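Peer 1: Input structure: protein_1.txt, which contains compact mmCIF, C-alpha atoms.
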```txt
# COMPACT_ATOMS: atom_id res chain seq x y z
CA MET A 1084 -50.13 29.31 3.91
CA LEU A 1085 -50.55 29.64 0.17
CA SER A 1086 -48.48 32.33 -1.48
CA ILE A 1087 -50.34 35.31 -2.93
CA ARG A 1088 -49.53 33.96 -6.38
CA LYS A 1089 -50.95 30.49 -5.74
CA ALA A 1090 -54.00 31.82 -3.89
CA LEU A 1091 -54.86 34.13 -6.77
CA ALA A 1092 -54.34 31.35 -9.27
CA ARG A 1093 -56.68 29.02 -7.34
CA ALA A 1094 -59.34 31.72 -7.05
CA ALA A 1095 -59.09 32.49 -10.74
CA LEU A 1096 -59.36 28.80 -11.56
CA VAL A 1097 -62.58 28.52 -9.54
CA LEU A 1098 -64.03 31.49 -11.39
CA CYS A 1099 -62.93 30.06 -14.71
CA CYS A 1100 -64.53 26.69 -14.07
CA ALA A 1101 -67.73 28.30 -12.80
CA ALA A 1102 -68.15 30.57 -15.77
CA PRO A 1103 -69.58 29.02 -18.97
CA GLY A 1104 -67.11 29.32 -21.81
CA GLY A 1105 -64.36 30.61 -19.50
CA LEU A 1106 -60.90 30.87 -21.13
CA ALA A 1107 -58.09 28.62 -19.87
CA GLN A 1108 -55.75 31.58 -19.44
CA ALA A 1109 -58.10 33.09 -16.81
CA ALA A 1110 -56.75 30.45 -14.40
CA ALA A 1111 -53.61 32.53 -13.91
CA PRO A 1112 -53.54 35.89 -12.10
CA TYR A 1113 -51.07 37.17 -14.72
CA HIS A 1114 -48.67 35.89 -17.36
CA VAL A 1115 -44.91 36.07 -17.79
CA GLY A 1116 -43.33 35.72 -21.23
CA ILE A 1117 -39.89 34.18 -21.76
CA VAL A 1118 -38.05 34.51 -25.07
CA THR A 1119 -34.86 32.51 -25.60
CA GLY A 1120 -32.80 31.04 -28.40
CA THR A 1121 -33.37 27.49 -29.58
CA VAL A 1122 -31.87 24.38 -27.99
CA SER A 1123 -29.12 24.29 -30.61
CA GLN A 1124 -27.92 27.79 -29.69
CA SER A 1125 -29.12 28.38 -26.12
CA GLU A 1126 -29.92 25.08 -24.41
CA ASP A 1127 -29.48 26.37 -20.85
CA GLU A 1128 -31.99 29.17 -21.38
CA VAL A 1129 -34.49 26.76 -22.94
CA ARG A 1130 -34.16 24.30 -20.05
CA ALA A 1131 -34.66 27.18 -17.62
CA ALA A 1132 -37.86 28.20 -19.43
CA GLU A 1133 -39.06 24.59 -19.22
CA ALA A 1134 -38.32 24.59 -15.49
CA MET A 1135 -40.46 27.71 -15.06
CA ILE A 1136 -43.28 26.10 -17.01
CA LYS A 1137 -43.02 23.03 -14.80
CA GLU A 1138 -43.22 25.19 -11.68
CA TYR A 1139 -45.83 27.74 -12.73
CA GLY A 1140 -47.65 26.10 -15.64
CA ASP A 1141 -47.95 26.86 -19.34
CA VAL A 1142 -50.28 29.66 -20.46
CA LYS A 1143 -52.00 27.37 -22.96
CA ASN A 1144 -53.01 25.09 -20.07
CA GLY A 1145 -54.09 27.86 -17.70
CA GLY A 1146 -50.65 28.50 -16.23
CA MET A 1147 -48.51 31.61 -16.01
CA ILE A 1148 -45.59 31.08 -18.41
CA GLN A 1149 -45.42 31.51 -22.18
CA HIS A 1150 -42.15 30.53 -23.86
CA LEU A 1151 -41.11 31.59 -27.37
CA THR A 1152 -37.80 31.31 -29.24
CA PHE A 1153 -36.00 33.71 -31.55
CA PRO A 1154 -34.35 32.52 -34.81
CA ASN A 1155 -30.92 30.88 -34.85
CA ASN A 1156 -29.85 33.39 -37.49
CA PHE A 1157 -31.06 36.24 -35.32
CA ASN A 1158 -28.72 38.81 -36.83
CA ALA A 1159 -30.37 38.48 -40.25
CA GLU A 1160 -33.90 37.96 -38.90
CA GLN A 1161 -34.36 40.82 -36.48
CA GLU A 1162 -37.94 41.46 -37.59
CA THR A 1163 -38.85 37.92 -36.53
CA THR A 1164 -37.35 38.56 -33.11
CA ILE A 1165 -39.25 41.85 -32.83
CA SER A 1166 -42.49 40.16 -33.87
CA GLN A 1167 -42.05 37.42 -31.28
CA LEU A 1168 -41.57 39.98 -28.54
CA VAL A 1169 -44.47 42.16 -29.61
CA SER A 1170 -46.80 39.17 -29.92
CA LEU A 1171 -46.51 38.60 -26.18
CA ALA A 1172 -47.82 42.10 -25.50
CA ASN A 1173 -51.10 41.20 -27.24
CA ASP A 1174 -51.95 39.03 -24.24
CA PRO A 1175 -53.98 41.21 -21.81
CA LEU A 1176 -52.69 39.19 -18.83
CA MET A 1177 -49.03 39.62 -19.77
CA LYS A 1178 -47.26 41.53 -17.00
CA ALA A 1179 -43.58 40.78 -17.61
CA ILE A 1180 -41.35 39.70 -20.50
CA ILE A 1181 -37.88 38.21 -20.01
CA MET A 1182 -35.56 38.20 -23.05
CA ASN A 1183 -32.48 35.96 -22.79
CA GLN A 1184 -30.26 36.49 -24.65
CA ALA A 1185 -31.07 40.06 -25.71
CA VAL A 1186 -30.02 39.67 -29.34
CA PRO A 1187 -30.28 42.42 -31.97
CA GLY A 1188 -33.91 43.50 -32.31
CA THR A 1189 -34.58 43.43 -28.57
CA THR A 1190 -34.36 47.21 -28.18
CA GLU A 1191 -36.82 47.85 -30.98
CA GLY A 1192 -39.13 45.10 -29.73
CA PHE A 1193 -39.11 46.63 -26.25
CA ARG A 1194 -39.77 50.09 -27.73
CA ARG A 1195 -42.87 48.85 -29.52
CA ILE A 1196 -44.10 47.07 -26.40
CA ARG A 1197 -43.62 50.25 -24.38
CA GLU A 1198 -45.89 52.09 -26.82
CA MET A 1199 -48.55 49.37 -26.66
CA ARG A 1200 -48.35 48.27 -23.05
CA PRO A 1201 -46.39 50.50 -20.67
CA ASP A 1202 -47.62 48.33 -17.79
CA ILE A 1203 -45.49 45.34 -18.84
CA LYS A 1204 -42.17 44.88 -17.03
CA LEU A 1205 -39.34 44.35 -19.52
CA LEU A 1206 -36.25 42.45 -18.36
CA CYS A 1207 -33.39 41.07 -20.42
CA ALA A 1208 -30.06 39.32 -20.07
CA VAL A 1209 -26.80 39.43 -22.04
CA PRO A 1210 -27.54 42.44 -24.28
CA TYR A 1211 -25.98 42.46 -27.75
CA GLU A 1212 -26.94 46.07 -28.34
CA ASP A 1213 -25.40 49.22 -26.87
CA PRO A 1214 -26.11 49.19 -23.09
CA LEU A 1215 -26.76 52.95 -23.09
CA VAL A 1216 -29.44 52.47 -25.75
CA ILE A 1217 -31.24 49.36 -24.53
CA SER A 1218 -31.21 50.63 -20.93
CA LYS A 1219 -33.63 53.38 -21.98
CA VAL A 1220 -36.39 50.89 -22.80
CA ALA A 1221 -35.66 48.00 -20.40
CA ASP A 1222 -36.62 47.96 -16.72
CA LEU A 1223 -33.69 45.71 -15.86
CA ILE A 1224 -30.68 44.40 -17.77
CA MET A 1225 -28.59 41.52 -16.50
CA ARG A 1226 -25.42 39.74 -17.50
CA ASN A 1227 -22.40 38.04 -16.03
CA ASP A 1228 -19.77 40.56 -15.02
CA PHE A 1229 -17.85 40.75 -18.29
CA VAL A 1230 -15.96 43.86 -17.17
CA SER A 1231 -14.23 42.43 -14.11
CA ALA A 1232 -14.09 39.01 -15.82
CA GLY A 1233 -11.70 40.53 -18.33
CA TYR A 1234 -9.20 40.90 -15.49
CA ARG A 1235 -10.19 37.91 -13.34
CA ILE A 1236 -9.85 35.35 -16.16
CA ILE A 1237 -6.32 36.53 -16.89
CA TRP A 1238 -5.54 36.50 -13.16
CA ALA A 1239 -6.86 32.93 -12.93
CA SER A 1240 -4.89 31.89 -16.02
CA LYS A 1241 -1.75 33.19 -14.35
CA GLN A 1242 -2.58 31.25 -11.16
CA LEU A 1243 -2.90 28.08 -13.24
CA GLY A 1244 0.56 28.59 -14.68
CA CYS A 1245 -0.38 29.89 -18.12
CA LYS A 1246 2.15 31.92 -20.07
CA THR A 1247 -0.06 32.71 -23.07
CA PHE A 1248 -3.72 33.68 -23.43
CA VAL A 1249 -5.53 33.05 -26.72
CA HIS A 1250 -8.74 35.02 -27.33
CA ILE A 1251 -10.90 33.39 -30.03
CA SER A 1252 -13.59 35.44 -31.78
CA PHE A 1253 -14.77 36.93 -35.09
CA PRO A 1254 -15.76 40.35 -36.53
CA ARG A 1255 -19.47 40.23 -35.62
CA HIS A 1256 -18.71 39.69 -31.95
CA MET A 1257 -15.96 42.28 -32.02
CA SER A 1258 -18.55 44.83 -33.14
CA VAL A 1259 -20.51 44.21 -29.91
CA GLU A 1260 -19.47 46.79 -27.30
CA PRO A 1261 -19.35 44.56 -24.18
CA LEU A 1262 -17.43 41.80 -25.96
CA THR A 1263 -14.85 44.15 -27.42
CA ARG A 1264 -14.50 45.98 -24.13
CA ARG A 1265 -13.80 42.70 -22.35
CA ARG A 1266 -11.19 41.82 -24.99
CA MET A 1267 -9.46 45.20 -24.42
CA ILE A 1268 -9.43 44.61 -20.65
CA MET A 1269 -7.98 41.14 -21.16
CA GLU A 1270 -5.24 42.48 -23.40
CA GLN A 1271 -4.23 45.11 -20.84
CA ALA A 1272 -4.38 42.60 -17.98
CA CYS A 1273 -2.11 40.24 -19.93
CA LYS A 1274 0.38 43.04 -20.42
CA ASP A 1275 0.34 43.95 -16.73
CA LEU A 1276 0.46 40.38 -15.40
CA GLY A 1277 3.14 39.12 -17.76
CA VAL A 1278 1.00 36.88 -19.97
CA LYS A 1279 1.31 36.95 -23.76
CA PHE A 1280 -1.97 37.97 -25.45
CA VAL A 1281 -2.92 36.42 -28.80
CA PHE A 1282 -6.05 37.02 -30.88
CA GLU A 1283 -7.18 34.17 -33.14
CA THR A 1284 -10.09 34.48 -35.57
CA ALA A 1285 -12.56 31.60 -35.96
CA PRO A 1286 -15.62 31.33 -38.24
CA ASP A 1287 -18.86 32.92 -37.10
CA PRO A 1288 -21.49 30.19 -36.49
CA LEU A 1289 -24.04 32.54 -38.12
CA SER A 1290 -21.99 32.70 -41.34
CA ASP A 1291 -22.37 30.39 -44.33
CA VAL A 1292 -20.33 27.63 -42.65
CA GLY A 1293 -22.88 27.40 -39.84
CA VAL A 1294 -22.38 25.89 -36.41
CA VAL A 1295 -20.96 22.64 -37.77
CA GLY A 1296 -18.34 24.43 -39.87
CA ALA A 1297 -17.36 26.75 -37.03
CA GLN A 1298 -16.94 23.81 -34.65
CA GLN A 1299 -14.93 21.84 -37.19
CA TYR A 1300 -12.54 24.78 -37.50
CA LEU A 1301 -11.88 24.66 -33.76
CA LEU A 1302 -11.38 20.89 -33.83
CA GLU A 1303 -8.76 21.31 -36.56
CA ASN A 1304 -7.00 24.40 -35.21
CA VAL A 1305 -6.87 24.06 -31.41
CA PRO A 1306 -4.23 21.27 -31.68
CA LYS A 1307 -2.20 23.55 -33.97
CA TRP A 1308 -2.50 26.43 -31.50
CA VAL A 1309 -1.45 24.23 -28.58
CA LYS A 1310 1.60 23.15 -30.59
CA LYS A 1311 2.35 26.76 -31.55
CA TYR A 1312 1.84 28.48 -28.18
CA GLY A 1313 2.50 25.59 -25.79
CA LYS A 1314 0.43 23.56 -23.35
CA ASP A 1315 0.64 26.36 -20.78
CA THR A 1316 -1.86 28.35 -22.84
CA SER A 1317 -5.26 29.57 -21.66
CA PHE A 1318 -7.97 29.59 -24.34
CA TYR A 1319 -11.12 31.71 -24.35
CA ALA A 1320 -13.88 31.76 -26.99
CA THR A 1321 -16.56 34.45 -27.16
CA ASN A 1322 -19.14 32.16 -28.82
CA ASP A 1323 -21.03 29.34 -27.11
CA ALA A 1324 -20.86 27.08 -30.17
CA HIS A 1325 -17.05 27.13 -30.03
CA THR A 1326 -16.96 25.89 -26.44
CA GLU A 1327 -17.58 22.17 -26.98
CA PRO A 1328 -14.81 21.60 -29.56
CA LEU A 1329 -12.47 23.79 -27.49
CA ILE A 1330 -12.99 21.64 -24.38
CA ARG A 1331 -12.63 18.41 -26.37
CA GLN A 1332 -9.29 19.40 -27.84
CA ILE A 1333 -7.93 20.86 -24.60
CA VAL A 1334 -8.58 17.51 -22.92
CA GLN A 1335 -6.76 15.67 -25.70
CA TYR A 1336 -3.91 18.03 -26.59
CA GLY A 1337 -3.36 20.31 -23.59
CA GLY A 1338 -4.06 23.90 -22.65
CA VAL A 1339 -6.45 25.51 -20.18
CA MET A 1340 -9.97 26.97 -20.25
CA VAL A 1341 -10.70 28.98 -17.11
CA GLU A 1342 -14.37 29.45 -18.00
CA ALA A 1343 -16.63 30.01 -20.98
CA SER A 1344 -18.00 33.39 -22.03
CA LEU A 1345 -21.30 32.47 -20.37
CA PRO A 1346 -20.08 30.04 -17.70
CA SER A 1347 -22.03 26.80 -17.29
CA PRO A 1348 -21.25 23.15 -16.53
CA LEU A 1349 -23.83 22.33 -19.21
CA LEU A 1350 -22.12 24.36 -21.92
CA GLY A 1351 -19.77 22.15 -23.94
CA PHE A 1352 -18.83 19.71 -21.20
CA PRO A 1353 -21.46 16.97 -21.78
CA GLY A 1354 -20.82 16.79 -25.54
CA ALA A 1355 -17.05 17.19 -25.33
CA LEU A 1356 -16.68 14.58 -22.59
CA GLY A 1357 -19.41 12.19 -23.77
CA ILE A 1358 -21.42 12.51 -20.55
CA ASP A 1359 -25.14 11.69 -20.25
CA LEU A 1360 -26.65 14.03 -17.66
CA LYS A 1361 -30.33 13.09 -18.02
CA ALA A 1362 -30.44 11.55 -14.56
CA GLU A 1363 -28.87 14.68 -13.05
CA GLN A 1364 -30.97 17.22 -14.98
CA GLY A 1365 -31.57 20.33 -12.88
CA ASN A 1366 -29.29 19.08 -10.06
CA PHE A 1367 -26.20 21.23 -10.52
CA PRO A 1368 -24.17 19.80 -7.61
CA ALA A 1369 -24.67 16.30 -9.07
CA ILE A 1370 -23.83 17.58 -12.56
CA MET A 1371 -20.60 19.16 -11.30
CA LYS A 1372 -19.59 15.96 -9.49
CA LYS A 1373 -20.16 13.79 -12.55
CA ILE A 1374 -18.24 16.13 -14.85
CA GLU A 1375 -15.36 16.37 -12.40
CA GLN A 1376 -15.03 12.59 -12.22
CA VAL A 1377 -14.72 12.37 -16.01
CA VAL A 1378 -12.32 15.34 -16.27
CA ILE A 1379 -10.00 13.75 -13.71
CA ALA A 1380 -10.25 10.34 -15.38
CA LYS A 1381 -9.25 11.87 -18.71
CA GLY A 1382 -6.19 13.53 -17.17
CA ALA A 1383 -7.42 17.11 -17.47
CA ALA A 1384 -7.62 17.94 -13.76
CA GLY A 1385 -6.74 21.56 -13.01
CA ARG A 1386 -7.20 22.68 -16.63
CA LEU A 1387 -10.95 23.20 -17.12
CA GLY A 1388 -13.25 25.48 -15.15
CA THR A 1389 -16.76 26.89 -14.96
CA TRP A 1390 -19.32 28.36 -12.58
CA SER A 1391 -21.07 25.75 -10.38
CA TYR A 1392 -24.45 26.97 -11.57
CA SER A 1393 -25.04 27.86 -15.19
CA PHE A 1394 -25.31 31.61 -15.61
CA GLN A 1395 -27.64 31.22 -18.60
CA TYR A 1396 -29.94 28.97 -16.60
CA SER A 1397 -29.68 31.04 -13.43
CA ASP A 1398 -30.36 34.39 -15.06
CA THR A 1399 -33.47 33.07 -16.80
CA VAL A 1400 -35.09 31.53 -13.72
CA GLY A 1401 -33.76 34.34 -11.52
CA LEU A 1402 -35.20 37.10 -13.70
CA VAL A 1403 -38.57 35.34 -13.91
CA GLN A 1404 -38.72 35.01 -10.13
CA HIS A 1405 -37.55 38.59 -9.63
CA ALA A 1406 -40.17 39.90 -12.07
CA MET A 1407 -42.88 38.04 -10.18
CA ASN A 1408 -41.64 39.41 -6.87
CA VAL A 1409 -41.72 42.95 -8.29
CA ILE A 1410 -45.20 42.51 -9.77
CA GLU A 1411 -46.48 41.26 -6.42
CA GLY A 1412 -44.88 44.14 -4.50
CA LYS A 1413 -42.31 41.97 -2.69
CA SER A 1414 -39.24 43.45 -4.35
CA LYS A 1415 -37.96 46.55 -6.10
CA MET A 1416 -36.71 46.20 -9.66
CA THR A 1417 -33.13 47.48 -9.29
CA ASN A 1418 -32.49 46.59 -5.64
CA MET A 1419 -29.38 44.37 -5.64
CA GLN A 1420 -30.36 42.40 -2.53
CA ASP A 1421 -33.82 41.69 -3.97
CA ILE A 1422 -32.14 40.38 -7.14
CA PHE A 1423 -29.82 38.14 -5.09
CA LYS A 1424 -32.85 36.85 -3.18
CA ALA A 1425 -34.59 35.79 -6.39
CA PHE A 1426 -31.47 34.09 -7.75
CA ALA A 1427 -30.77 32.32 -4.44
CA LYS A 1428 -34.00 30.35 -4.75
CA TYR A 1429 -32.52 28.33 -7.60
CA THR A 1430 -28.82 28.40 -6.67
CA PRO A 1431 -28.56 27.20 -3.05
CA ASN A 1432 -25.20 27.53 -1.30
CA VAL A 1433 -23.85 29.93 -3.92
CA LYS A 1434 -23.03 33.49 -2.98
CA TRP A 1435 -23.79 36.00 -5.70
CA GLY A 1436 -21.94 39.26 -6.03
CA GLY A 1437 -22.78 42.12 -8.30
CA SER A 1438 -22.21 45.67 -9.37
CA VAL A 1439 -23.90 48.33 -11.47
CA TYR A 1440 -22.59 48.77 -15.00
CA ILE A 1441 -20.43 51.82 -15.73
CA ASP A 1442 -19.95 52.65 -19.41
CA GLY A 1443 -16.27 52.58 -20.29
CA THR A 1444 -16.47 55.31 -22.93
CA THR A 1445 -18.70 57.87 -21.25
CA GLY A 1446 -18.31 56.98 -17.57
CA VAL A 1447 -22.11 56.93 -17.28
CA ARG A 1448 -23.46 54.73 -14.48
CA VAL A 1449 -26.46 52.66 -15.64
CA PRO A 1450 -28.50 51.86 -12.50
CA ASN A 1451 -30.81 49.36 -14.24
CA PHE A 1452 -27.92 47.30 -15.66
CA VAL A 1453 -26.66 44.79 -13.08
CA MET A 1454 -23.67 42.51 -13.58
CA LEU A 1455 -23.47 39.32 -11.49
CA LEU A 1456 -20.51 37.23 -10.47
CA GLN A 1457 -19.83 33.70 -9.17
CA ASP A 1458 -16.52 32.18 -8.13
CA THR A 1459 -14.83 29.94 -10.70
CA TYR A 1460 -14.51 26.21 -9.99
CA ILE A 1461 -11.60 24.37 -11.58
CA PHE A 1462 -12.34 20.67 -11.97
CA GLY A 1463 -9.85 18.62 -9.98
CA ARG A 1464 -8.68 21.64 -8.02
CA GLY A 1465 -11.72 23.43 -6.57
CA TYR A 1466 -12.72 27.06 -6.22
CA ILE A 1467 -9.92 29.51 -6.96
CA HIS A 1468 -11.55 32.49 -5.20
CA SER A 1469 -11.41 34.64 -8.31
CA ALA A 1470 -14.58 36.38 -7.11
CA ASP A 1471 -12.61 37.72 -4.17
CA VAL A 1472 -10.00 39.37 -6.38
CA VAL A 1473 -10.12 43.15 -6.18
CA VAL A 1474 -9.99 44.45 -9.74
CA PRO A 1475 -7.90 47.62 -10.06
CA GLU A 1476 -10.04 50.63 -10.93
CA LYS A 1477 -8.23 51.32 -14.19
CA TYR A 1478 -9.59 48.12 -15.78
CA LEU A 1479 -13.16 49.11 -15.02
CA ARG A 1480 -12.63 52.31 -16.99
CA ILE A 1481 -11.20 50.74 -20.13
CA SER A 1482 -13.29 51.51 -23.22
CA SER A 1483 -14.12 49.23 -26.15
CA GLY A 1484 -13.10 52.01 -28.53
CA LEU A 1485 -16.32 51.47 -30.52
CA LYS A 1486 -18.31 54.52 -31.54
CA LYS A 1487 -21.42 54.98 -29.45
CA LYS A 1488 -24.80 55.21 -31.11
CA ALA A 1489 -26.89 58.28 -30.52
```
Hey, can you dump this file as structure tokens for me?
Peer 2:
Amino acid sequence: MLSIRKALARAALVLCCAAPGGLAQAAAPYHVGIVTGTVSQSEDEVRAAEAMIKEYGDVKNGGMIQHLTFPNNFNAEQETTISQLVSLANDPLMKAIIMNQAVPGTTEGFRRIREMRPDIKLLCAVPYEDPLVISKVADLIMRNDFVSAGYRIIWASKQLGCKTFVHISFPRHMSVEPLTRRRMIMEQACKDLGVKFVFETAPDPLSDVGVVGAQQYLLENVPKWVKKYGKDTSFYATNDAHTEPLIRQIVQYGGVMVEASLPSPLLGFPGALGIDLKAEQGNFPAIMKKIEQVVIAKGAAGRLGTWSYSFQYSDTVGLVQHAMNVIEGKSKMTNMQDIFKAFAKYTPNVKWGGSVYIDGTTGVRVPNFVMLLQDTYIFGRGYIHSADVVVPEKYLRISSGLKKKA
């Protein structure tokens, strides 16, 4: 039997073709907007949006999906981001908007949409703004579990024999509550587990040096850090653009990377290892196998890890599917099992875990903010069962120390 969605789309298409001057967009029962970064900053999210267009069709051709991108320099161009979001609400058939990543400007954009179109479902992933603020205007917020990851990544580093943990970031990221909170958890976990914690500053890709300059800095300095701290050092960068040069230099000079800030086999690995994954596009098991073969061949087995399915890709397609299920009355917005069901469609054989976000400063539980978790896979070694680690309660209560906005 046809799904409700496909049946409605076919009926609408018949009506559209029968009516003189009918608009192409009438072919879809409703529209879903997706806003992501560009390929240079957020390739996984872009590829996920393209996958949704392939499955459900582009709005301009009578389909259901409209994809827009926010500026690379999103911090300085928040009004552009807001305008992109609000423009989607001008479409009378728009029923849901997915923002990934939820960069600065998302909260204000969602506020304006709420005033215009309270019927539109607003979902976002990886919020850059205060969770207690953005949660007031979003129906659902999603991100990888950065709170427990702060402990689990240190635990995994210890399991891999690391004696030092180097956290690489810059002031802009350290002004973002979730990122700073994770750093504080990592620092405490290092202290408790007997790992030396080191903070190293690298250039912000949104600064004057740009992505190229920020990456060049990593290429030049990771070998120095390996020499300074030793090969039994675990490195972690908070910015996606830093990941590729970090992987490249770890392979050549030593060190460990348990996982990236937004774990994905597509983030950094293809460029750093010189792998062409066009033939494997969208096939994550095949992608993982190909990467693992190269990692082992280059002598880096047991030193590089990731999630088997890209979080950035999974949360985009998962949130789109979940929004559709909610619109069609098949799911409830904040039901954890319904969320897992939507994600499972695109990540077969992967078990998702999750929890509701609890603010570290206020202790407030945010029921519409869900954090998801996958086990970490270390190339050349396998899954390390970090998802099964029980994180002591005290780490979940650690605060970022940043002042909360009213």
Peer 1: Could you please determine the separation between CA of Ile1196 (chain A) and CA of Gln1420 (chain A) in Å, to one decimal place?
Peer 2: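 About the pair CA of Ile1196 (chain A) and CA of Gln1420 (chain A): they are 27.9 Å apart.
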Peer 1: Contacts of region 1292-1296 of chain A at 12 Å or less, counting only C-alpha atoms, minus same-chain residues fewer than 2 places along, as a VMD selection string?
Peer 2: chain A and resid 1123 to 1124 1155 to 1156 1285 to 1290 1298 to 1303 1322 to 1328
Peer 1: To one decimal place in Å, what is the distance between CA of Ser1231 (chain A) and CA of Arg1386 (chain A)?
Peer 2: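 Separating CA of Ser1231 (chain A) from CA of Arg1386 (chain A) is a distance of 21.1 Å.
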Peer 1: What is the distance between CA of Lys1361 (chain A) and CA of Gly1140 (chain A), in Å to one decimal?
Peer 2: 21.8 Å
Peer 1: Write out as a PyMOL selection string the residues lying within 9 Å of Val1169 (chain A), counting only C-alpha atoms and excluding same-chain residues fewer than 2 positions away.
Peer 2: chain A and resi 1164-1167+1171-1173+1192-1193+1195-1196+1199
Peer 1: Give the answer as one residue: which of A:Ile1148, A:Val1400, A:Cys1273, A:Ile1203 has the shortest atom-to-atom distance to Asn1183 (chain A), using all atoms listed in the file?
Peer 2: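 The answer is A:Val1400, which sits nearest to Asn1183 (chain A).
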Peer 1: Go through A:Tyr1319, A:Tyr1429, A:Tyr1392, A:Phe1282 and flag the residue nearest Asp1458 (chain A), using all atoms listed in the file for the distances.
Peer 2: A:Tyr1392
Peer 1: Would you mind telling me which residue in A:Trp1435, A:Tyr1234, A:Phe1394, A:Phe1352 lies nearest to Met1419 (chain A) when using only C-alpha atoms?
Peer 2: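 So, comparing all the options, the nearest one is A:Trp1435.
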Peer 1: From the list A:Asn1418, A:Ser1170, A:Gln1271, A:Gln1184, which residue is nearest Thr1121 (chain A) when using all atoms listed in the file?
Peer 2: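 Closest to Thr1121 (chain A), using all atoms listed in the file: A:Gln1184.
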Peer 1: Tell me which protein, DNA and RNA residues are within 10 Å of Gly1446 (chain A), counting all atoms listed in the file, leaving out same-chain ones fewer than 6 positions away, and put them as a PyMOL selection string.
Peer 2: chain A and resi 1440+1479-1482
Peer 1: Considering only C-alpha atoms, can you say which of A:Arg1255, A:Lys1204, A:Lys1246, A:Arg1194 comes closest to Met1177 (chain A)?
Peer 2: A:Lys1204
Peer 1: Please write region 1378-1421 of chain A of the preceding block to a file containing C-alpha atoms, as a PDB file, in the first residue's frame?
Peer 2:
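After the write, result35.pdb holds the following:
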```pdb
ATOM      1  CA  VAL A1378      44.208   3.487   8.122  1.00  0.00           C
ATOM      2  CA  ILE A1379      45.692   0.034   8.689  1.00  0.00           C
ATOM      3  CA  ALA A1380      47.862   0.284   5.580  1.00  0.00           C
ATOM      4  CA  LYS A1381      49.272   3.595   6.813  1.00  0.00           C
ATOM      5  CA  GLY A1382      50.161   2.106  10.197  1.00  0.00           C
ATOM      6  CA  ALA A1383      47.591   4.034  12.225  1.00  0.00           C
ATOM      7  CA  ALA A1384      45.472   1.084  13.392  1.00  0.00           C
ATOM      8  CA  GLY A1385      44.062   1.575  16.884  1.00  0.00           C
ATOM      9  CA  ARG A1386      44.671   5.342  16.867  1.00  0.00           C
ATOM     10  CA  LEU A1387      41.750   6.896  14.958  1.00  0.00           C
ATOM     11  CA  GLY A1388      38.054   6.562  15.716  1.00  0.00           C
ATOM     12  CA  THR A1389      34.597   7.780  14.766  1.00  0.00           C
ATOM     13  CA  TRP A1390      30.922   6.836  14.792  1.00  0.00           C
ATOM     14  CA  SER A1391      29.946   4.312  12.087  1.00  0.00           C
ATOM     15  CA  TYR A1392      27.259   6.666  10.815  1.00  0.00           C
ATOM     16  CA  SER A1393      27.881  10.378  10.550  1.00  0.00           C
ATOM     17  CA  PHE A1394      26.015  12.239  13.261  1.00  0.00           C
ATOM     18  CA  GLN A1395      25.671  15.329  11.050  1.00  0.00           C
ATOM     19  CA  TYR A1396      24.177  13.253   8.255  1.00  0.00           C
ATOM     20  CA  SER A1397      22.035  11.142  10.580  1.00  0.00           C
ATOM     21  CA  ASP A1398      20.556  14.032  12.526  1.00  0.00           C
ATOM     22  CA  THR A1399      19.553  15.840   9.336  1.00  0.00           C
ATOM     23  CA  VAL A1400      17.775  12.907   7.690  1.00  0.00           C
ATOM     24  CA  GLY A1401      16.507  11.687  11.062  1.00  0.00           C
ATOM     25  CA  LEU A1402      14.957  15.025  11.996  1.00  0.00           C
ATOM     26  CA  VAL A1403      13.328  15.370   8.572  1.00  0.00           C
ATOM     27  CA  GLN A1404      11.799  11.907   8.876  1.00  0.00           C
ATOM     28  CA  HIS A1405      10.730  12.531  12.462  1.00  0.00           C
ATOM     29  CA  ALA A1406       9.104  15.852  11.513  1.00  0.00           C
ATOM     30  CA  MET A1407       7.150  14.116   8.757  1.00  0.00           C
ATOM     31  CA  ASN A1408       6.042  11.381  11.143  1.00  0.00           C
ATOM     32  CA  VAL A1409       4.839  14.013  13.628  1.00  0.00           C
ATOM     33  CA  ILE A1410       3.011  16.013  10.951  1.00  0.00           C
ATOM     34  CA  GLU A1411       1.248  12.864   9.789  1.00  0.00           C
ATOM     35  CA  GLY A1412       0.265  11.853  13.324  1.00  0.00           C
ATOM     36  CA  LYS A1413       2.534   8.786  13.461  1.00  0.00           C
ATOM     37  CA  SER A1414       4.852  10.079  16.177  1.00  0.00           C
ATOM     38  CA  LYS A1415       5.041  12.502  19.064  1.00  0.00           C
ATOM     39  CA  MET A1416       7.656  15.246  18.932  1.00  0.00           C
ATOM     40  CA  THR A1417       9.612  14.528  22.132  1.00  0.00           C
ATOM     41  CA  ASN A1418       9.016  10.778  22.435  1.00  0.00           C
ATOM     42  CA  MET A1419      12.476   9.176  22.549  1.00  0.00           C
ATOM     43  CA  GLN A1420      11.394   5.892  20.954  1.00  0.00           C
ATOM     44  CA  ASP A1421       9.708   7.753  18.085  1.00  0.00           C
TER      45      ASP A1421
END
```
